[in-house]
Amino acid sequence: MPELKVNGLRVNYQLMPGAGAPSESVVFIHGMGTDSLASFYLTLAAPVAAAGIDVISYDLRGHGKSERPVSGYALRDFVDDLDELLQVLAPDRPVHLVGNSFGGTIAYAFAAAHPDRVRSVVSIESEPPTEVWAAKMAGILAATVELLGVEENFEWIEATFGAHHRRLARLAAARISSTTMAEEVPTGPMLSPAEVAAIGCPVLSILGRHGYQSDDLDALTALMPRGELFVFDGQGHSVLVEQHRAVRGLLVDWVRRHAG
Amino acid sequence: MAMTETDTGAIDTAAIGTGPIDTGAINAGTVDTGAVDTVTTSVFDAVVELIGTLVGDDLEVLGVQVRHDTPFHEGLGLESIDLVTLAGLLTRRFGPRVNLAEHLAELDLDEVIGLTVGEIADYVALRVREG
């Protein structure tokens, strides 16, 4: 797969040109841990490209086939990577940022820092980088480190979720134990409520009723009163892979409604 | 700007072959099951060969017998990101009619997790037959 040198690191990316003569581009930003561009590539990329939208996907630093440095995992590092990537891959027009989980948080941070380069933000099971997010993220990461630090837990993971998830857990453990990812990610920098409210581009937030944002749904809605919200009832955090057909429809419609 | 483009085609296709397989045998006849079997077999062999490039070593040297029902992930120790690489290799080998991403986008998560080498080859063979 093609690579670019971004902030001194090798970053793996994929381009899928839209059918016809596309005027819009989406950038897929995946989540943390075991995630990679594959989760978007295998669900949304081809149908969205077939709908006439250019698709850019990439592996975050430390993930997929991108380089994995020991340190450098603060949110600002991910935002800087996206900045440099888009200077090469989408220099001529603003893009729609579509982020899953931690990828959505990167999208919000990028939109706040580079408002003229973002047409819209679509966040899937994610939220802006506020103090609330940081505390939640730190808790999730600490629990994950603890879980993956006990060898017997891998047996439990396989018995409960299957062999595939045991392999994923092994991968996550390797990434977390060999980097400062878990410590650095929650350090931000954070956006204040005023800075979140000042994000001027259209925002679509797609959530699971029982996902990671279920406990602060009202607060998030209040934080971005101009944003649109779509909630899947009976759905947990894995909205992207478990609801990908519905998300595809929402996304294509959204991009068409917010074309430049 | 600190970024420079280093590579737009990281995979050396010369090493794995870039020519499309000969589909003339099956395109020429309307009902010729022998020819279809030939296509199915040659496509399966090609898929196994490409998977060998993902694994990074000769599968035979590793003692891995890839069968029709070998699971892509569990059976070969590969990740979903390797499936993305394979999709690119298949398109290079067989042309844009083979769009594995488009095919997989219609599957559910458990179907993708349990995907076998044979299922991948069957999809490719179908698209090759359709021309």
# chains A, B, ... in the order shown; residues from 1 in each chain; ligands from 1
call {"tool": "residues_around", "arguments": {"residues": "Ala51 of chain A", "least_positions_apart": "2", "cutoff": "8 Å", "atoms": "only C-alpha atoms", "output": "list in words"}}
result
Gly18, Ala19, Pro47, Val48, Ala49, Ile53 and Val252 of chain A
call {"tool": "select_by_dssp", "arguments": {"residues": "segment 121-208 of chain A", "states": "alpha helix (DSSP H)", "output": "JSON, numbers by chain"}}
result
{"A": [131, 132, 133, 134, 135, 136, 137, 138, 139, 140, 141, 142, 143, 144, 145, 146, 147, 148, 152, 153, 154, 155, 156, 157, 158, 159, 160, 161, 163, 164, 165, 166, 167, 168, 169, 170, 171, 172, 173, 174, 175, 176, 177, 181, 182, 183, 184, 193, 194, 195, 196, 197]}
call {"tool": "interface_residues", "arguments": {"of": "chain A", "to": "chain B", "cutoff": "9 Å", "atoms": "only C-alpha atoms", "output": "CSV table (one decimal) with C-alpha atoms, in the first residue's frame"}}
result
chain,number,residue,atom,x,y,z
A,1,MET,CA,0.0,0.0,0.0
A,2,PRO,CA,1.2,3.5,-0.6
A,3,GLU,CA,3.0,5.5,2.1
A,4,LEU,CA,3.8,9.1,2.9
A,5,LYS,CA,6.3,10.5,5.3
A,6,VAL,CA,4.3,12.5,7.8
A,7,ASN,CA,6.0,14.3,10.7
A,8,GLY,CA,9.0,12.0,10.1
A,9,LEU,CA,6.9,8.8,10.3
A,10,ARG,CA,5.8,6.4,7.6
A,36,SER,CA,-6.8,0.4,11.4
A,37,LEU,CA,-8.0,1.8,8.1
A,38,ALA,CA,-9.5,-1.7,7.4
A,39,SER,CA,-12.5,-1.0,9.5
A,41,TYR,CA,-12.1,0.1,4.0
A,42,LEU,CA,-14.2,-3.1,4.5
A,43,THR,CA,-17.4,-1.3,5.3
A,44,LEU,CA,-17.9,2.2,3.9
A,45,ALA,CA,-15.1,3.0,1.5
A,46,ALA,CA,-16.3,1.2,-1.7
A,47,PRO,CA,-20.0,2.2,-1.4
A,50,ALA,CA,-19.5,4.3,-5.8
A,64,GLY,CA,-2.1,-0.8,11.0
A,65,LYS,CA,0.8,-0.5,8.7
A,84,GLU,CA,0.4,17.2,6.8
A,85,LEU,CA,-1.3,14.3,5.2
A,87,GLN,CA,-1.6,19.1,2.6
A,88,VAL,CA,-0.5,16.4,0.1
A,163,ALA,CA,-10.3,-16.7,19.1
A,164,HIS,CA,-10.4,-13.7,16.8
A,167,ARG,CA,-5.7,-12.3,18.7
A,168,LEU,CA,-7.0,-8.7,18.6
A,241,VAL,CA,-19.0,-2.4,11.9
A,242,GLU,CA,-22.4,-3.6,13.2
A,244,HIS,CA,-22.4,-0.2,8.5
A,245,ARG,CA,-25.2,-0.3,5.9
call {"tool": "residues_around", "arguments": {"residues": "Ala169 of chain A", "least_positions_apart": "6", "cutoff": "10 Å", "atoms": "only C-alpha atoms", "output": "ChimeraX atom specification"}}
result
/A:33-34,144,147-148,153-154,157-158,163,175
call {"tool": "atom_distance", "arguments": {"atom1": "atom CA of Val117 of chain B", "atom2": "atom CA of Phe72 of chain B"}}
result
5.7 Å
call {"tool": "atom_distance", "arguments": {"atom1": "atom CA of Leu90 of chain B", "atom2": "atom CA of Glu67 of chain A"}}
result
24.7 Å
call {"tool": "closest_residue", "arguments": {"among": "A:Ala198, A:Leu250, A:Ala159, A:Glu125", "to": "Arg226 of chain A", "atoms": "only C-alpha atoms"}}
result
A:Ala198
call {"tool": "atom_distance", "arguments": {"atom1": "atom CA of Leu204 of chain A", "atom2": "atom CA of Leu251 of chain A"}}
result
9.0 Å
call {"tool": "residues_around", "arguments": {"residues": "segment 69-82 of chain A", "least_positions_apart": "4", "cutoff": "9 Å", "atoms": "only C-alpha atoms", "output": "ChimeraX atom specification"}}
result
/A:6-7,9,11,60-62,86-87,105-107,109-110,113,129,178-190
call {"tool": "closest_residue", "arguments": {"among": "B:Leu126, B:Val48, B:Val55, B:Val98", "to": "Thr70 of chain B", "atoms": "only C-alpha atoms"}}
result
B:Val48
call {"tool": "residues_around", "arguments": {"residues": "Val66 of chain B", "least_positions_apart": "3", "cutoff": "12 Å", "atoms": "only C-alpha atoms", "output": "MDAnalysis selection string"}}
result
chainID B and resid 44:52 55 58:60 62:63 69:72 74:76 116:118 121
call {"tool": "closest_residue", "arguments": {"among": "A:Ile199, A:Met16, A:Leu217, A:Val247", "to": "Ser126 of chain A", "atoms": "only C-alpha atoms"}}
result
A:Leu217
call {"tool": "residues_around", "arguments": {"residues": "Leu15 of chain A", "least_positions_apart": "3", "cutoff": "7 Å", "atoms": "only C-alpha atoms", "output": "number ranges by chain"}}
result
A: 55-57
call {"tool": "write_last_selection", "arguments": {"atoms": "N, CA and C atoms", "output": "compact mmCIF listing (two decimals), in the first residue's frame"}}
result
# COMPACT_ATOMS: atom_id res chain seq x y z
N VAL A 55 -12.54 9.05 -1.63
CA VAL A 55 -12.32 8.50 -0.29
C VAL A 55 -10.82 8.44 0.03
N ILE A 56 -10.46 9.01 1.15
CA ILE A 56 -9.09 8.94 1.67
C ILE A 56 -9.15 8.20 3.00
N SER A 57 -8.36 7.14 3.13
CA SER A 57 -8.23 6.44 4.41
C SER A 57 -6.76 6.36 4.77
call {"tool": "residues_around", "arguments": {"residues": "Asn100 of chain A", "least_positions_apart": "6", "cutoff": "6 Å", "atoms": "only C-alpha atoms", "output": "list in words"}}
result
His30, Gly31 and Ile124 of chain A
